>>> print(open('upload-v7.tsv').read())   # TSV, C-alpha atoms
chain	number	residue	atom	x	y	z
J	1	MET	CA	81.00	47.99	73.43
J	2	ARG	CA	81.25	51.77	73.19
J	3	ARG	CA	79.12	52.16	70.10
J	4	PHE	CA	76.41	49.60	70.75
J	5	LEU	CA	75.81	50.78	74.33
J	6	LEU	CA	74.94	54.29	73.17
J	7	GLN	CA	72.94	52.99	70.20
J	8	SER	CA	70.95	50.70	72.49
J	9	PHE	CA	69.92	53.60	74.70
J	10	LEU	CA	68.78	55.54	71.63
J	11	TYR	CA	66.77	52.54	70.46
J	12	SER	CA	65.23	52.39	73.92
J	13	LEU	CA	63.96	55.94	73.58
J	14	ILE	CA	62.31	55.11	70.25
J	15	PHE	CA	60.82	51.96	71.72
J	16	LEU	CA	59.26	53.99	74.54
J	17	LEU	CA	57.28	55.97	71.99
J	18	LEU	CA	55.89	52.80	70.47
J	19	VAL	CA	54.91	50.92	73.61
J	20	SER	CA	52.27	51.84	76.17
J	21	CYS	CA	52.41	50.25	79.61
J	22	LYS	CA	49.44	48.55	81.13
J	23	THR	CA	47.75	50.02	84.17
J	24	TYR	CA	49.21	48.45	87.29
J	25	LYS	CA	46.79	46.91	89.80
J	26	LEU	CA	47.33	44.69	92.80
J	27	THR	CA	45.54	41.36	92.61
J	28	ASP	CA	44.54	38.83	95.25
J	29	VAL	CA	45.25	41.21	98.14
J	30	THR	CA	43.32	42.35	101.19
J	31	SER	CA	43.27	45.92	102.45
J	32	ILE	CA	44.50	46.24	106.05
J	33	PRO	CA	44.77	49.17	108.50
J	34	ALA	CA	47.84	51.33	107.84
J	35	SER	CA	49.81	50.57	111.02
J	36	GLU	CA	53.01	52.06	109.57
J	37	LYS	CA	53.24	55.75	108.63
J	38	THR	CA	56.59	55.30	106.91
J	39	VAL	CA	58.52	52.31	105.54
J	40	ARG	CA	62.19	52.23	104.59
J	41	ASN	CA	64.54	50.57	102.12
J	42	LEU	CA	67.70	49.92	104.17
J	43	TYR	CA	69.65	47.84	101.67
J	44	PHE	CA	72.21	50.57	101.00
J	45	SER	CA	72.28	52.14	104.45
J	46	SER	CA	75.57	50.69	105.75
J	47	ASN	CA	78.78	52.74	105.76
J	48	GLU	CA	80.62	49.81	104.17
J	49	ASP	CA	81.09	49.57	100.40
J	50	TYR	CA	78.52	47.57	98.45
J	51	VAL	CA	80.36	45.76	95.65
J	52	TYR	CA	78.45	43.93	92.93
J	53	LYS	CA	79.00	42.17	89.68
J	54	CYS	CA	76.81	44.14	87.27
J	55	GLN	CA	75.14	42.75	84.16
J	56	MET	CA	73.16	44.92	81.77
J	57	ASP	CA	71.05	43.56	78.93
J	58	ILE	CA	69.97	46.11	76.37
J	59	TYR	CA	68.14	44.87	73.26
J	60	LYS	CA	69.93	41.48	73.40
J	61	ASN	CA	73.29	43.22	73.86
J	62	HIS	CA	75.18	42.37	77.05
J	63	VAL	CA	77.48	44.59	79.14
J	64	SER	CA	79.14	43.54	82.39
J	65	GLY	CA	81.44	45.08	84.96
J	66	ILE	CA	81.90	45.93	88.64
J	67	LEU	CA	79.56	48.35	90.41
J	68	ILE	CA	80.38	49.94	93.77
J	69	ILE	CA	77.85	51.84	95.89
J	70	LYS	CA	79.11	53.76	98.92
J	71	LYS	CA	77.08	55.84	101.39
J	72	LEU	CA	78.73	59.24	101.84
J	73	ASN	CA	76.21	60.55	104.36
J	74	GLU	CA	72.56	60.05	105.31
J	75	THR	CA	71.29	61.54	102.04
J	76	THR	CA	74.00	60.91	99.45
J	77	HIS	CA	75.64	57.87	97.83
J	78	ARG	CA	78.55	57.56	95.46
J	79	VAL	CA	78.20	55.09	92.59
J	80	ALA	CA	81.08	53.96	90.36
J	81	MET	CA	81.28	51.35	87.62
J	82	THR	CA	84.23	49.82	85.77
J	83	SER	CA	84.23	47.44	82.84
J	84	ASP	CA	85.45	43.83	83.10
J	85	PHE	CA	88.76	45.12	81.71
J	86	GLY	CA	89.15	47.64	84.52
J	87	ASN	CA	88.23	50.75	82.53
J	88	LYS	CA	86.35	53.36	84.52
J	89	LEU	CA	82.93	53.96	82.96
J	90	ILE	CA	81.16	56.35	85.29
J	91	ASP	CA	81.44	57.87	88.75
J	92	PHE	CA	78.68	59.99	90.26
J	93	GLU	CA	77.22	61.20	93.55
J	94	ILE	CA	73.48	60.99	93.99
J	95	SER	CA	70.74	61.85	96.46
J	96	GLU	CA	66.98	62.15	96.14
J	97	ASN	CA	67.26	65.76	94.97
J	98	ASN	CA	70.82	66.11	93.64
J	99	PHE	CA	73.06	64.47	91.08
J	100	LYS	CA	76.74	65.22	90.45
J	101	VAL	CA	78.84	63.49	87.80
J	102	ASN	CA	82.50	63.08	88.81
J	103	TYR	CA	83.52	61.19	85.68
J	104	VAL	CA	81.88	59.67	82.65
J	105	PHE	CA	83.53	57.70	79.86
J	106	PRO	CA	83.45	59.99	76.78
J	107	ASP	CA	81.34	57.64	74.67
J	108	LEU	CA	78.74	57.47	77.46
J	109	ASP	CA	78.62	61.22	78.04
J	110	LYS	CA	75.18	61.62	76.48
J	111	LYS	CA	72.09	63.14	78.03
J	112	ILE	CA	69.95	60.02	77.58
J	113	VAL	CA	72.56	57.83	79.33
J	114	ILE	CA	73.04	60.25	82.22
J	115	ASN	CA	69.29	60.64	82.76
J	116	PHE	CA	68.81	56.88	82.69
J	117	LEU	CA	71.43	56.38	85.42
J	118	LYS	CA	70.18	59.31	87.48
J	119	ASN	CA	66.53	58.24	87.48
J	120	ASP	CA	67.16	54.54	88.12
J	121	PHE	CA	69.59	55.04	90.98
J	122	GLN	CA	67.54	57.77	92.63
J	123	ARG	CA	64.69	55.28	92.86
J	124	LEU	CA	66.90	52.36	93.84
J	125	LEU	CA	68.53	54.35	96.66
J	126	LYS	CA	65.39	56.10	97.87
J	127	ARG	CA	65.26	55.50	101.62
J	128	GLU	CA	61.89	56.53	103.05
J	129	TYR	CA	58.36	56.10	101.76
J	130	PRO	CA	55.29	57.68	103.39
J	131	VAL	CA	52.55	55.05	103.57
J	132	THR	CA	49.23	55.89	101.91
J	133	LYS	CA	47.57	52.46	102.08
J	134	SER	CA	48.44	48.96	103.30
J	135	PHE	CA	47.57	45.52	101.90
J	136	GLU	CA	48.56	41.91	102.37
J	137	ASN	CA	48.49	38.63	100.54
J	138	GLY	CA	49.61	35.16	101.52
J	139	ASN	CA	53.32	36.01	101.41
J	140	SER	CA	53.72	39.75	101.77
J	141	LYS	CA	52.72	42.94	103.51
J	142	ILE	CA	52.37	45.58	100.82
J	143	TYR	CA	52.70	49.30	101.40
J	144	PHE	CA	51.47	51.83	98.84
J	145	SER	CA	53.27	55.16	98.79
J	146	LYS	CA	52.10	57.99	96.52
J	147	ILE	CA	54.04	61.18	95.83
J	148	ASP	CA	52.37	63.43	93.23
J	149	LYS	CA	51.92	61.30	90.08
J	150	LYS	CA	54.58	58.83	91.16
J	151	ALA	CA	53.72	55.82	93.27
J	152	TYR	CA	55.55	52.88	94.81
J	153	TYR	CA	54.38	49.46	95.97
J	154	LEU	CA	56.76	47.95	98.53
J	155	PHE	CA	56.49	44.21	99.27
J	156	PHE	CA	57.89	42.92	102.58
J	157	ASN	CA	58.14	39.21	103.28
J	158	LYS	CA	55.83	38.21	106.14
J	159	GLU	CA	58.18	35.58	107.53
J	160	ASN	CA	61.44	37.55	107.80
J	161	GLY	CA	60.27	41.15	107.34
J	162	LEU	CA	62.72	41.75	104.48
J	163	LEU	CA	61.91	43.95	101.50
J	164	HIS	CA	61.79	41.77	98.39
J	165	GLN	CA	60.18	43.95	95.72
J	166	ILE	CA	59.44	47.56	94.79
J	167	ILE	CA	57.13	48.40	91.90
J	168	TYR	CA	57.53	51.97	90.67
J	169	THR	CA	54.58	53.45	88.76
J	170	LYS	CA	53.79	56.79	87.19
J	171	ASN	CA	50.31	57.88	86.11
J	172	ASN	CA	49.15	54.40	87.21
J	173	LYS	CA	51.47	52.74	84.68
J	174	GLU	CA	54.14	50.28	85.81
J	175	LYS	CA	57.59	51.63	85.00
J	176	ILE	CA	60.22	49.67	86.92
J	177	ASP	CA	60.24	46.42	88.89
J	178	PHE	CA	63.01	46.15	91.52
J	179	THR	CA	63.30	42.61	92.89
J	180	PHE	CA	65.68	41.83	95.77
J	181	ASP	CA	67.11	38.65	97.25
J	182	ALA	CA	68.46	39.21	100.75
J	183	LYS	CA	69.31	37.62	104.09
J	184	LYS	CA	69.86	40.91	105.96
J	185	HIS	CA	67.82	44.09	106.04
J	186	ILE	CA	70.89	46.26	105.16
J	187	PHE	CA	72.28	44.18	102.29
J	188	ALA	CA	70.71	42.80	99.12
J	189	ASP	CA	72.58	39.72	97.88
J	190	SER	CA	71.17	40.32	94.42
J	191	LEU	CA	69.00	42.80	92.58
J	192	ASN	CA	67.03	42.54	89.36
J	193	LEU	CA	65.94	45.87	87.88
J	194	GLN	CA	63.49	45.46	84.99
J	195	HIS	CA	62.14	48.37	82.98
J	196	LYS	CA	58.62	47.94	81.67
J	197	ASP	CA	58.70	50.62	78.98
J	198	PHE	CA	62.34	50.15	77.95
J	199	ASN	CA	63.96	46.89	76.92
J	200	ILE	CA	66.54	47.26	79.69
J	201	ASN	CA	67.40	44.84	82.48
J	202	ILE	CA	70.08	45.35	85.14
J	203	LYS	CA	71.23	42.59	87.47
J	204	LEU	CA	73.53	42.97	90.47
J	205	PHE	CA	75.18	40.03	92.22
J	206	GLN	CA	77.04	40.19	95.52
J	207	ILE	CA	80.84	40.21	95.49
J	208	THR	CA	81.53	41.44	99.01
J	209	GLU	CA	79.07	41.57	101.86
J	210	THR	CA	78.73	44.17	104.58
J	211	GLU	CA	78.81	43.10	108.19
>>> encode(input="upload-v7.tsv", output="structure tokens")
Amino acid sequence: MRRFLLQSFLYSLIFLLLVSCKTYKLTDVTSIPASEKTVRNLYFSSNEDYVYKCQMDIYKNHVSGILIIKKLNETTHRVAMTSDFGNKLIDFEISENNFKVNYVFPDLDKKIVINFLKNDFQRLLKREYPVTKSFENGNSKIYFSKIDKKAYYLFFNKENGLLHQIIYTKNNKEKIDFTFDAKKHIFADSLNLQHKDFNINIKLFQITETE
């Protein structure tokens, strides 16, 4: 597991140079007045631990373990992952503007691995999004949030008001698709994180649920 995980990340970097993402555009939507100035992702806002079974697929290689996300304060979370055998893989603290590694398994202590984790979890745990434009389709209200060259499309289910998808783009190119399955606004029962310019997919499945 140690060797192929690092090799897979290196292959991902090479793959990025060979693949260009398509321009992302909403289809079959209607523009609506922007009634909300800010929208929020509250899935990791509870003070209770979020414990998930984690599955990572990297170039047909599979890694699994336990992932724990804990809110330390209103801006910072702690994220730790162990292997299925109980070996600690990584432990870090992260906010929108800061990243501190508490521990990393020696074979994973590579810049490309650390940057991958930092960037993905900063976007996953991002709380607030200023609304630039609003849209809707038959199932969702869609909020477009643009910050410099980065942009996010947040899809909220019309029936229950729950966030079910975030599309992250940069320079108008789709980069990451976060898809959530949830029954409560503070807890995602499952998460599928799919990179569009890397052959990387991360899935989280509920083990314990917050109240």
>>> closest_residue(input="upload-v7.tsv", among="J:Tyr52, J:Ile142, J:Asp189, J:Lys25", to="J:Thr169", atoms="all atoms listed in the file")
J:Lys25
>>> atom_distance(input="upload-v7.tsv", atom1="atom CA of J:Phe44", atom2="atom CA of J:Leu125")
6.8 Å
>>> residues_around(input="upload-v7.tsv", residues="J:Tyr143", least_positions_apart="5", cutoff="7 Å", atoms="all atoms listed in the file", output="count of residues only")
7
>>> closest_residue(input="upload-v7.tsv", among="J:Ser31, J:Ser83, J:Gly138, J:Gln122", to="J:Lys158", atoms="only C-alpha atoms")
J:Gly138
>>> closest_residue(input="upload-v7.tsv", among="J:Tyr50, J:Phe205, J:Phe99, J:Phe144", to="J:Glu36", atoms="all atoms listed in the file")
J:Phe144
>>> closest_residue(input="upload-v7.tsv", among="J:Asp91, J:Glu159, J:Asp57, J:Asp84", to="J:Ile200", atoms="all atoms listed in the file")
J:Asp57
>>> residues_near_point(input="upload-v7.tsv", point="(51.3, 52.4, 90.5)", cutoff="7 Å", atoms="all atoms listed in the file", output="MDAnalysis selection string")
chainID J and resid 24 151:153 168:170 172:174
>>> decode(input="upload-v7.tsv", residues="stretch 79-111 of chain J", atoms="N, CA and C atoms", output="short mmCIF file (atom, residue, chain, number, x, y, z; two decimals), in the first residue's frame")
data_model
loop_
_atom_site.label_atom_id
_atom_site.label_comp_id
_atom_site.auth_asym_id
_atom_site.auth_seq_id
_atom_site.Cartn_x
_atom_site.Cartn_y
_atom_site.Cartn_z
N VAL J 79 -8.47 16.74 11.11
CA VAL J 79 -8.77 15.59 10.26
C VAL J 79 -7.71 14.52 10.52
N ALA J 80 -8.14 13.30 10.80
CA ALA J 80 -7.21 12.20 11.02
C ALA J 80 -7.70 10.97 10.29
N MET J 81 -6.75 10.19 9.78
CA MET J 81 -7.11 8.96 9.06
C MET J 81 -6.20 7.83 9.50
N THR J 82 -6.80 6.65 9.71
CA THR J 82 -6.05 5.43 10.00
C THR J 82 -6.37 4.39 8.94
N SER J 83 -5.48 3.46 8.77
CA SER J 83 -5.71 2.37 7.81
C SER J 83 -6.67 1.37 8.43
N ASP J 84 -7.12 0.38 7.64
CA ASP J 84 -7.99 -0.67 8.14
C ASP J 84 -7.30 -1.50 9.22
N PHE J 85 -5.98 -1.44 9.26
CA PHE J 85 -5.21 -2.21 10.24
C PHE J 85 -4.91 -1.38 11.49
N GLY J 86 -5.44 -0.15 11.53
CA GLY J 86 -5.25 0.69 12.71
C GLY J 86 -4.01 1.55 12.70
N ASN J 87 -3.27 1.56 11.60
CA ASN J 87 -2.07 2.39 11.52
C ASN J 87 -2.44 3.83 11.21
N LYS J 88 -1.89 4.76 11.96
CA LYS J 88 -2.16 6.17 11.73
C LYS J 88 -1.48 6.62 10.45
N LEU J 89 -2.26 7.25 9.55
CA LEU J 89 -1.72 7.68 8.27
C LEU J 89 -1.43 9.17 8.24
N ILE J 90 -2.38 9.96 8.73
CA ILE J 90 -2.17 11.39 8.71
C ILE J 90 -3.09 12.06 9.73
N ASP J 91 -2.61 13.18 10.27
CA ASP J 91 -3.36 13.96 11.24
C ASP J 91 -3.02 15.42 10.99
N PHE J 92 -4.02 16.23 10.66
CA PHE J 92 -3.73 17.64 10.38
C PHE J 92 -4.87 18.53 10.84
N GLU J 93 -4.55 19.80 11.03
CA GLU J 93 -5.53 20.83 11.37
C GLU J 93 -5.64 21.78 10.18
N ILE J 94 -6.87 22.16 9.85
CA ILE J 94 -7.07 22.90 8.61
C ILE J 94 -8.16 23.95 8.76
N SER J 95 -7.93 25.10 8.17
CA SER J 95 -8.94 26.14 8.04
C SER J 95 -8.84 26.67 6.62
N GLU J 96 -9.63 27.68 6.30
CA GLU J 96 -9.62 28.21 4.94
C GLU J 96 -8.28 28.82 4.56
N ASN J 97 -7.54 29.33 5.56
CA ASN J 97 -6.29 30.02 5.28
C ASN J 97 -5.06 29.39 5.91
N ASN J 98 -5.25 28.33 6.71
CA ASN J 98 -4.12 27.72 7.41
C ASN J 98 -4.17 26.20 7.33
N PHE J 99 -2.99 25.60 7.44
CA PHE J 99 -2.87 24.15 7.37
C PHE J 99 -1.67 23.74 8.21
N LYS J 100 -1.91 22.86 9.20
CA LYS J 100 -0.85 22.41 10.09
C LYS J 100 -0.87 20.89 10.16
N VAL J 101 0.24 20.27 9.81
CA VAL J 101 0.35 18.82 9.86
C VAL J 101 0.85 18.41 11.25
N ASN J 102 0.07 17.58 11.94
CA ASN J 102 0.48 17.05 13.25
C ASN J 102 1.26 15.76 13.10
N TYR J 103 0.88 14.96 12.12
CA TYR J 103 1.58 13.70 11.86
C TYR J 103 1.29 13.26 10.44
N VAL J 104 2.29 12.68 9.81
CA VAL J 104 2.08 12.06 8.50
C VAL J 104 2.94 10.81 8.43
N PHE J 105 2.35 9.73 7.97
CA PHE J 105 3.08 8.48 7.79
C PHE J 105 4.27 8.73 6.87
N PRO J 106 5.47 8.29 7.23
CA PRO J 106 6.68 8.65 6.47
C PRO J 106 6.57 8.47 4.96
N ASP J 107 5.96 7.37 4.52
CA ASP J 107 5.87 7.13 3.08
C ASP J 107 4.91 8.08 2.38
N LEU J 108 4.05 8.78 3.16
CA LEU J 108 3.12 9.74 2.58
C LEU J 108 3.61 11.18 2.72
N ASP J 109 4.76 11.35 3.35
CA ASP J 109 5.26 12.69 3.63
C ASP J 109 5.94 13.26 2.38
N LYS J 110 5.11 13.51 1.36
CA LYS J 110 5.56 14.07 0.10
C LYS J 110 4.72 15.30 -0.23
N LYS J 111 5.33 16.26 -0.87
CA LYS J 111 4.65 17.52 -1.13
C LYS J 111 3.36 17.33 -1.92
#
